[in-house]
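What follows is the content of run_19.pdb, which has PDB, C-alpha atoms and all ligand atoms:
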ATOM      1  CA  MET A 108      97.798 106.936 106.425
ATOM      2  CA  GLN A 109      94.423 108.395 105.462
ATOM      3  CA  ILE A 110      93.617 107.798 101.791
ATOM      4  CA  GLY A 111      90.798 109.376  99.841
ATOM      5  CA  TYR A 112      89.697 110.186  96.355
ATOM      6  CA  VAL A 113      87.769 112.953  94.656
ATOM      7  CA  GLN A 114      85.130 111.730  92.214
ATOM      8  CA  PHE A 115      83.989 114.740  90.198
ATOM      9  CA  SER A 116      83.330 115.996  86.696
ATOM     10  CA  PRO A 117      86.234 118.005  85.251
ATOM     11  CA  ALA A 118      85.076 120.580  82.697
ATOM     12  CA  LEU A 119      86.367 120.039  79.153
ATOM     13  CA  GLY A 120      88.781 122.839  78.246
ATOM     14  CA  ASP A 121      88.305 124.917  81.417
ATOM     15  CA  LEU A 122      91.368 124.718  83.669
ATOM     16  CA  GLY A 123      90.124 127.566  85.892
ATOM     17  CA  ALA A 124      86.840 125.775  86.604
ATOM     18  CA  ASN A 125      88.694 122.529  87.360
ATOM     19  CA  ILE A 126      91.049 124.254  89.797
ATOM     20  CA  GLU A 127      88.039 125.884  91.501
ATOM     21  CA  GLN A 128      86.272 122.533  91.905
ATOM     22  CA  ILE A 129      89.347 120.771  93.323
ATOM     23  CA  GLU A 130      89.995 123.679  95.698
ATOM     24  CA  ARG A 131      86.415 123.384  96.970
ATOM     25  CA  PHE A 132      86.590 119.591  97.485
ATOM     26  CA  SER A 133      89.969 119.860  99.211
ATOM     27  CA  ALA A 134      88.289 121.565 102.177
ATOM     28  CA  LYS A 135      87.518 118.008 103.350
ATOM     29  CA  PHE A 136      91.108 116.730 103.083
ATOM     30  CA  THR A 137      92.658 115.507 106.365
ATOM     31  CA  ASP A 138      96.172 116.534 107.443
ATOM     32  CA  GLY A 139      98.741 113.943 106.320
ATOM     33  CA  GLY A 140      96.412 112.237 103.834
ATOM     34  CA  LEU A 141      96.947 110.993 100.290
ATOM     35  CA  TYR A 142      94.210 111.973  97.819
ATOM     36  CA  VAL A 143      93.693 110.619  94.317
ATOM     37  CA  LEU A 144      91.927 112.588  91.577
ATOM     38  CA  PRO A 145      90.671 111.341  88.173
ATOM     39  CA  GLU A 146      92.465 111.145  84.822
ATOM     40  CA  LEU A 147      92.990 114.389  82.828
ATOM     41  CA  CYS A 148      91.780 116.724  85.594
ATOM     42  CA  ASN A 149      93.305 119.857  84.068
ATOM     43  CA  SER A 150      91.747 119.446  80.622
ATOM     44  CA  GLY A 151      88.798 117.038  80.496
ATOM     45  CA  TYR A 152      88.822 113.942  78.302
ATOM     46  CA  ASN A 153      86.753 113.853  75.144
ATOM     47  CA  PHE A 154      88.514 116.407  72.921
ATOM     48  CA  GLU A 155      86.780 117.631  69.782
ATOM     49  CA  ALA A 156      90.060 117.848  67.860
ATOM     50  CA  LYS A 157      93.839 117.753  68.172
ATOM     51  CA  GLN A 158      93.872 121.505  68.565
ATOM     52  CA  GLN A 159      91.732 121.329  71.709
ATOM     53  CA  ALA A 160      93.975 118.613  73.158
ATOM     54  CA  HIS A 161      97.011 120.846  72.529
ATOM     55  CA  GLU A 162      95.404 124.013  73.843
ATOM     56  CA  THR A 163      94.460 122.303  77.112
ATOM     57  CA  SER A 164      97.872 120.668  77.717
ATOM     58  CA  GLU A 165     100.635 122.063  79.932
ATOM     59  CA  PRO A 166     104.371 121.417  80.270
ATOM     60  CA  ILE A 167     104.801 120.204  83.864
ATOM     61  CA  GLY A 168     107.525 122.768  84.613
ATOM     62  CA  GLU A 169     105.217 125.642  83.600
ATOM     63  CA  SER A 170     101.908 124.149  84.682
ATOM     64  CA  GLN A 171      99.330 126.312  86.442
ATOM     65  CA  PHE A 172      97.673 123.038  87.490
ATOM     66  CA  VAL A 173     100.822 121.645  89.166
ATOM     67  CA  THR A 174     101.498 125.011  90.832
ATOM     68  CA  PHE A 175      97.934 124.962  92.178
ATOM     69  CA  LEU A 176      98.339 121.374  93.457
ATOM     70  CA  THR A 177     101.648 122.271  95.136
ATOM     71  CA  GLU A 178     100.004 125.180  96.993
ATOM     72  CA  LEU A 179      97.071 122.972  97.952
ATOM     73  CA  CYS A 180      99.377 120.219  99.290
ATOM     74  CA  HIS A 181     101.474 122.807 101.147
ATOM     75  CA  ASN A 182      98.463 124.502 102.734
ATOM     76  CA  ARG A 183      96.616 121.303 103.656
ATOM     77  CA  HIS A 184      99.659 119.076 104.460
ATOM     78  CA  VAL A 185      98.623 116.346 102.035
ATOM     79  CA  HIS A 186      99.867 114.459  98.980
ATOM     80  CA  VAL A 187      97.810 114.375  95.785
ATOM     81  CA  VAL A 188      97.912 112.150  92.694
ATOM     82  CA  ALA A 189      96.080 113.721  89.745
ATOM     83  CA  GLY A 190      95.763 112.963  86.063
ATOM     84  CA  MET A 191      96.809 115.747  83.693
ATOM     85  CA  ASN A 192      97.223 116.485  80.013
ATOM     86  CA  GLU A 193     101.009 116.961  79.788
ATOM     87  CA  ARG A 194     102.865 118.597  76.898
ATOM     88  CA  ASP A 195     106.551 117.829  76.330
ATOM     89  CA  ASN A 196     107.884 119.687  73.287
ATOM     90  CA  ASP A 197     105.360 118.775  70.567
ATOM     91  CA  LEU A 198     104.086 115.567  72.169
ATOM     92  CA  LEU A 199     101.202 115.163  74.578
ATOM     93  CA  TYR A 200     101.098 112.519  77.326
ATOM     94  CA  ASN A 201      98.148 111.330  79.389
ATOM     95  CA  SER A 202     100.020 111.655  82.678
ATOM     96  CA  ALA A 203      99.577 111.446  86.431
ATOM     97  CA  VAL A 204     101.543 113.638  88.822
ATOM     98  CA  LEU A 205     102.352 112.920  92.470
ATOM     99  CA  VAL A 206     102.575 116.220  94.340
ATOM    100  CA  GLY A 207     103.394 116.903  98.004
ATOM    101  CA  PRO A 208     103.828 119.933 100.272
ATOM    102  CA  ASP A 209     107.242 120.664  98.680
ATOM    103  CA  GLY A 210     106.091 120.252  95.077
ATOM    104  CA  LEU A 211     106.276 117.588  92.383
ATOM    105  CA  LEU A 212     107.568 114.189  93.593
ATOM    106  CA  GLY A 213     107.087 112.238  90.386
ATOM    107  CA  LYS A 214     105.001 111.422  87.372
ATOM    108  CA  TYR A 215     103.764 108.511  85.290
ATOM    109  CA  ARG A 216     102.749 108.573  81.608
ATOM    110  CA  LYS A 217      99.902 106.233  80.576
ATOM    111  CA  MET A 218     101.238 103.379  78.468
ATOM    112  CA  HIS A 219      98.006 101.753  77.292
ATOM    113  CA  LEU A 220      96.030 104.396  75.431
ATOM    114  CA  PHE A 221      92.305 103.709  74.961
ATOM    115  CA  LEU A 222      90.666 103.978  71.513
ATOM    116  CA  ASN A 223      91.012 107.494  70.053
ATOM    117  CA  GLU A 224      93.332 108.672  72.834
ATOM    118  CA  LYS A 225      95.944 107.471  70.344
ATOM    119  CA  ASP A 226      94.969 110.401  68.072
ATOM    120  CA  TYR A 227      96.160 112.854  70.736
ATOM    121  CA  PHE A 228      98.665 111.245  73.060
ATOM    122  CA  ALA A 229     102.005 109.487  72.699
ATOM    123  CA  PRO A 230     102.291 106.245  74.702
ATOM    124  CA  GLY A 231     104.076 106.557  78.027
ATOM    125  CA  ASN A 232     107.862 106.331  77.757
ATOM    126  CA  ILE A 233     109.034 106.452  81.376
ATOM    127  CA  GLY A 234     108.081 102.968  82.566
ATOM    128  CA  LEU A 235     106.408 102.302  85.906
ATOM    129  CA  PRO A 236     108.204 104.321  88.578
ATOM    130  CA  VAL A 237     107.526 104.050  92.326
ATOM    131  CA  PHE A 238     107.868 106.764  94.960
ATOM    132  CA  GLU A 239     108.065 106.963  98.757
ATOM    133  CA  VAL A 240     105.395 108.912 100.637
ATOM    134  CA  ASP A 241     105.498 108.880 104.440
ATOM    135  CA  GLY A 242     107.067 105.406 104.536
ATOM    136  CA  ALA A 243     104.747 103.875 101.906
ATOM    137  CA  THR A 244     105.756 102.927  98.364
ATOM    138  CA  ILE A 245     103.400 104.398  95.788
ATOM    139  CA  GLY A 246     102.881 103.463  92.131
ATOM    140  CA  MET A 247     100.544 104.949  89.546
ATOM    141  CA  LEU A 248      98.458 103.536  86.684
ATOM    142  CA  ILE A 249      95.928 105.376  84.538
ATOM    143  CA  CYS A 250      92.498 104.073  83.597
ATOM    144  CA  PHE A 251      92.724 101.504  80.739
ATOM    145  CA  ASP A 252      96.130 100.335  81.998
ATOM    146  CA  TRP A 253      94.026  98.345  84.492
ATOM    147  CA  ILE A 254      93.202  95.602  81.992
ATOM    148  CA  PHE A 255      96.840  94.473  81.618
ATOM    149  CA  PRO A 256      97.962  92.170  84.481
ATOM    150  CA  GLU A 257     101.647  92.836  83.802
ATOM    151  CA  VAL A 258     101.609  96.470  84.946
ATOM    152  CA  TRP A 259     100.188  95.559  88.355
ATOM    153  CA  ARG A 260     102.747  92.789  88.800
ATOM    154  CA  ILE A 261     105.670  94.998  87.744
ATOM    155  CA  LEU A 262     104.655  97.658  90.275
ATOM    156  CA  ALA A 263     104.186  95.019  92.983
ATOM    157  CA  LEU A 264     107.628  93.542  92.252
ATOM    158  CA  LYS A 265     109.084  97.049  92.543
ATOM    159  CA  GLY A 266     107.646  97.213  96.051
ATOM    160  CA  ALA A 267     104.502  99.257  95.453
ATOM    161  CA  GLU A 268     102.130  99.005  98.415
ATOM    162  CA  ILE A 269      99.548 101.519  97.192
ATOM    163  CA  ILE A 270      98.649 101.947  93.514
ATOM    164  CA  CYS A 271      96.902 105.204  92.669
ATOM    165  CA  HIS A 272      94.706 104.856  89.585
ATOM    166  CA  PRO A 273      93.274 108.086  88.153
ATOM    167  CA  SER A 274      90.533 107.078  85.704
ATOM    168  CA  ASN A 275      87.929 108.235  83.201
ATOM    169  CA  LEU A 276      86.189 104.858  82.847
ATOM    170  CA  VAL A 277      83.403 104.453  80.301
ATOM    171  CA  LEU A 278      82.723 100.687  80.165
ATOM    172  CA  PRO A 279      80.127 100.101  82.894
ATOM    173  CA  GLY A 280      81.347  98.011  85.823
ATOM    174  CA  ARG A 281      84.322  96.293  84.182
ATOM    175  CA  ALA A 282      87.229  97.943  86.000
ATOM    176  CA  GLN A 283      85.143  98.222  89.145
ATOM    177  CA  LYS A 284      84.977  94.393  89.123
ATOM    178  CA  GLY A 285      88.461  93.659  87.758
ATOM    179  CA  VAL A 286      90.633  96.039  89.758
ATOM    180  CA  PRO A 287      89.877  94.415  93.143
ATOM    181  CA  ALA A 288      91.130  91.107  91.674
ATOM    182  CA  HIS A 289      94.422  92.722  90.581
ATOM    183  CA  ALA A 290      94.702  94.222  94.088
ATOM    184  CA  MET A 291      94.119  90.860  95.762
ATOM    185  CA  MET A 292      96.451  88.855  93.513
ATOM    186  CA  ASN A 293      99.278  91.364  93.869
ATOM    187  CA  ARG A 294      98.662  92.175  97.557
ATOM    188  CA  VAL A 295      98.444  95.926  97.012
ATOM    189  CA  PHE A 296      95.978  98.620  97.987
ATOM    190  CA  VAL A 297      94.423 100.376  94.980
ATOM    191  CA  VAL A 298      92.660 103.721  94.805
ATOM    192  CA  THR A 299      90.707 103.997  91.549
ATOM    193  CA  ALA A 300      89.488 107.607  91.333
ATOM    194  CA  ASN A 301      87.001 107.621  88.488
ATOM    195  CA  ARG A 302      85.225 110.681  87.153
ATOM    196  CA  ILE A 303      81.523 111.256  86.626
ATOM    197  CA  GLY A 304      79.566 113.344  84.130
ATOM    198  CA  THR A 305      79.097 113.355  80.362
ATOM    199  CA  GLU A 306      81.281 114.881  77.645
ATOM    200  CA  ARG A 307      79.649 114.848  74.213
ATOM    201  CA  ASP A 308      78.918 111.122  73.469
ATOM    202  CA  LEU A 309      80.752 109.672  76.513
ATOM    203  CA  THR A 310      79.321 109.124  79.989
ATOM    204  CA  PHE A 311      81.751 108.245  82.764
ATOM    205  CA  THR A 312      80.876 105.516  85.230
ATOM    206  CA  GLY A 313      81.930 106.813  88.682
ATOM    207  CA  ASN A 314      81.838 104.073  91.336
ATOM    208  CA  SER A 315      85.390 104.876  92.395
TER     209      SER A 315
HETATM  210  C1  LIG B 401      90.202 105.193  79.583
HETATM  211  O1  LIG B 401      91.284 104.627  79.556
HETATM  212  N1  LIG B 401      90.092 106.465  79.881
HETATM  213  C2  LIG B 401      88.963 104.444  79.289
END
Could the structure of this file be written out as structure tokens, please?
Ligand code: ACM
Amino acid sequence: MQIGYVQFSPALGDLGANIEQIERFSAKFTDGGLYVLPELCNSGYNFEAKQQAHETSEPIGESQFVTFLTELCHNRHVHVVAGMNERDNDLLYNSAVLVGPDGLLGKYRKMHLFLNEKDYFAPGNIGLPVFEVDGATIGMLICFDWIFPEVWRILALKGAEIICHPSNLVLPGRAQKGVPAHAMMNRVFVVTANRIGTERDLTFTGNS
């Protein structure tokens, strides 16, 4: 299996621009590959207020972003894991979706919210699911989840072989050092797709 990631700078509050960027980068995707994108790719990260977080969220069943990813996966014969701002009734979740050529295969909702993410998002309430892609068992974690050893071990015990880790990391070098240790101790492959760029007072650390 070919695995890759897209390290880019999603635009805060501009879904159309984010779709355009991902479409452009996907020209390099290889048939049959699995590609991991950063956290909150549809919306950006550093919201100015609750209203902006709500306005940039989408219910998965009516999501322009998920529809776009489904078409992309169908056209390029790939699977994609991408972070997205998900709305479910009145609650928002910092989620990751796993999409393939036939559409949505599964999702994960971030359990360990970082700092003021708690002002916008509800903690994940669907546990740590795993999914099969082309004979490999896939799990997902999102950014700050990385610091908790238990989530890696739970996924490994559930049979995860590849853990996709969409991220918007801001603490320089910490996850980039720590994640390989989680990977080694749990005998899993990890793809940390971190974003780059600056949003207001936050600069993201790349080094996916
Ligand atoms: C983070 O969890 N986005 C730092």
Exercise. Of the residues A:Ala189, A:Val113, A:Val240, A:Leu179, which is the one nearest to Ser150 of chain A, using all atoms listed in the file?
Worked result: A:Ala189
Problem set entry | Reference answer for the PyMOL selection byres (((not hetatm)) within 6 of (chain B and resi 401)), as number ranges by chain | A: 221, 250-251, 274-277
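Once the PyMOL selection byres (((chain A and resi 314) around 8) and not hetatm) is applied to the depicted file, the selected set reads A:Gln283, A:Asn301, A:Thr312, A:Gly313, A:Ser315.
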For this session: Could you give me, as an MDAnalysis selection string, the residues that have an atom at most 6 Å away from the point (92.0, 112.8, 76.6) in the coordinates of the file, using all atoms listed in the file?
Result: chainID A and resid 152:153 224
Got a sec to resolve the PyMOL selection byres (((chain A and resi 132-145) around 6) and not hetatm) on this structure and send the residues as an mmCIF file with C-alpha atoms, in the coordinates of the input?
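What follows is the written file out16.cif:
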data_model
loop_
_atom_site.group_PDB
_atom_site.id
_atom_site.type_symbol
_atom_site.label_atom_id
_atom_site.label_comp_id
_atom_site.auth_asym_id
_atom_site.auth_seq_id
_atom_site.Cartn_x
_atom_site.Cartn_y
_atom_site.Cartn_z
ATOM 1 C CA GLN A 109 94.423 108.395 105.462
ATOM 2 C CA ILE A 110 93.617 107.798 101.791
ATOM 3 C CA GLY A 111 90.798 109.376 99.841
ATOM 4 C CA TYR A 112 89.697 110.186 96.355
ATOM 5 C CA VAL A 113 87.769 112.953 94.656
ATOM 6 C CA ILE A 129 89.347 120.771 93.323
ATOM 7 C CA GLU A 130 89.995 123.679 95.698
ATOM 8 C CA ARG A 131 86.415 123.384 96.970
ATOM 9 C CA GLU A 146 92.465 111.145 84.822
ATOM 10 C CA HIS A 184 99.659 119.076 104.460
ATOM 11 C CA VAL A 185 98.623 116.346 102.035
ATOM 12 C CA HIS A 186 99.867 114.459 98.980
ATOM 13 C CA VAL A 187 97.810 114.375 95.785
ATOM 14 C CA VAL A 188 97.912 112.150 92.694
ATOM 15 C CA ALA A 189 96.080 113.721 89.745
ATOM 16 C CA GLY A 190 95.763 112.963 86.063
ATOM 17 C CA PRO A 273 93.274 108.086 88.153
ATOM 18 C CA SER A 274 90.533 107.078 85.704
ATOM 19 C CA ALA A 300 89.488 107.607 91.333
ATOM 20 C CA ASN A 301 87.001 107.621 88.488
ATOM 21 C CA ARG A 302 85.225 110.681 87.153
#
Give the padded box for segment 269-288 of chain A as lines of an AutoDock Vina configuration file: axis-aligned, covering all atoms listed in the file, 6 Å on each side, centre and edge lengths in Å to one decimal.
center_x = 89.8
center_y = 99.7
center_z = 88.7
size_x = 31.4
size_y = 29.1
size_z = 29.0
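The space between atom CA of Lys284 of chain A and atom CA of Pro230 of chain A spans 25.5 Å.
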For this session: Find the spatial neighbours of Lys214 of chain A, counting all atoms listed in the file, within a cut-off of 9 Å - ignore same-chain residues fewer than 5 positions away - and output them as a count of residues only.
Result: 9
Seminar exercise, completed: One decimal place gives the atom CA of Arg194 of chain A-atom CA of Val298 of chain A separation as 25.4 Å
Exercise. Which value, in Å to one decimal, gives the distance between atom CA of Glu165 of chain A and atom CA of Asn192 of chain A?
Worked result: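 Atom CA of Asn192 of chain A lies 6.5 Å from atom CA of Glu165 of chain A.
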Problem set entry | Close residues, Gly168 of chain A itself excluded, 10 Å, only C-alpha atoms, min 4 positions apart in chain, as a PyMOL selection string | chain A and resi 173-174+193-195+211
Within 9 Å of Leu122 of chain A, counting all atoms listed in the file, which residues show up once you throw out same-chain ones fewer than 6 positions away? Write them as a PDB file with C-alpha atoms, in the coordinates of the input, please.
ATOM      1  CA  CYS A 148      91.780 116.724  85.594  1.00  0.00           C
ATOM      2  CA  ASN A 149      93.305 119.857  84.068  1.00  0.00           C
ATOM      3  CA  SER A 150      91.747 119.446  80.622  1.00  0.00           C
ATOM      4  CA  GLY A 151      88.798 117.038  80.496  1.00  0.00           C
ATOM      5  CA  THR A 163      94.460 122.303  77.112  1.00  0.00           C
ATOM      6  CA  GLN A 171      99.330 126.312  86.442  1.00  0.00           C
ATOM      7  CA  PHE A 172      97.673 123.038  87.490  1.00  0.00           C
TER       8      PHE A 172
END
For this session: Would you be able to write out as number ranges by chain which residues have an atom within 9 Å of (99.1, 107.8, 76.7) in the file's coordinates, counting all atoms listed in the file?
Result: A: 199-202, 216-221, 224-225, 227-232, 249
Dump of C-alpha atoms for the selected residues, as an mmCIF file, keeping the file's coordinate frame:
data_model
loop_
_atom_site.group_PDB
_atom_site.id
_atom_site.type_symbol
_atom_site.label_atom_id
_atom_site.label_comp_id
_atom_site.auth_asym_id
_atom_site.auth_seq_id
_atom_site.Cartn_x
_atom_site.Cartn_y
_atom_site.Cartn_z
ATOM 1 C CA LEU A 199 101.202 115.163 74.578
ATOM 2 C CA TYR A 200 101.098 112.519 77.326
ATOM 3 C CA ASN A 201 98.148 111.330 79.389
ATOM 4 C CA SER A 202 100.020 111.655 82.678
ATOM 5 C CA ARG A 216 102.749 108.573 81.608
ATOM 6 C CA LYS A 217 99.902 106.233 80.576
ATOM 7 C CA MET A 218 101.238 103.379 78.468
ATOM 8 C CA HIS A 219 98.006 101.753 77.292
ATOM 9 C CA LEU A 220 96.030 104.396 75.431
ATOM 10 C CA PHE A 221 92.305 103.709 74.961
ATOM 11 C CA GLU A 224 93.332 108.672 72.834
ATOM 12 C CA LYS A 225 95.944 107.471 70.344
ATOM 13 C CA TYR A 227 96.160 112.854 70.736
ATOM 14 C CA PHE A 228 98.665 111.245 73.060
ATOM 15 C CA ALA A 229 102.005 109.487 72.699
ATOM 16 C CA PRO A 230 102.291 106.245 74.702
ATOM 17 C CA GLY A 231 104.076 106.557 78.027
ATOM 18 C CA ASN A 232 107.862 106.331 77.757
ATOM 19 C CA ILE A 249 95.928 105.376 84.538
#
Exercise. For Met191 of chain A, which residue among A:Trp253, A:Phe311, A:Phe296, A:Tyr215 is the nearest when counting all atoms listed in the file?
Worked result: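 Distance minimum relative to Met191 of chain A lands on A:Tyr215.
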For this session: Rank A:Ala290, A:Val237, A:Ala243, A:Leu176 by their smallest atom-to-atom distance to Lys265 of chain A, using all atoms listed in the file, and report the top residue only.
Result: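 Using all atoms listed in the file, Lys265 of chain A sits closest to A:Val237.
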For this session: Go through A:Gly285, A:Leu147, A:Ile167, A:Ile126 and flag the residue nearest Phe255 of chain A, using all atoms listed in the file for the distances.
Result: A:Gly285
Seminar exercise, completed: Using only C-alpha atoms, the shortest atom-to-atom distance to Asn196 of chain A among A:Gly234, A:Pro166, A:Gly304, A:Gly246 belongs to A:Pro166
Exercise. Which one of A:Glu268, A:Asp209, A:Glu162, A:Asp197 sits closest to Asn182 of chain A if you count only C-alpha atoms?
Worked result: A:Asp209
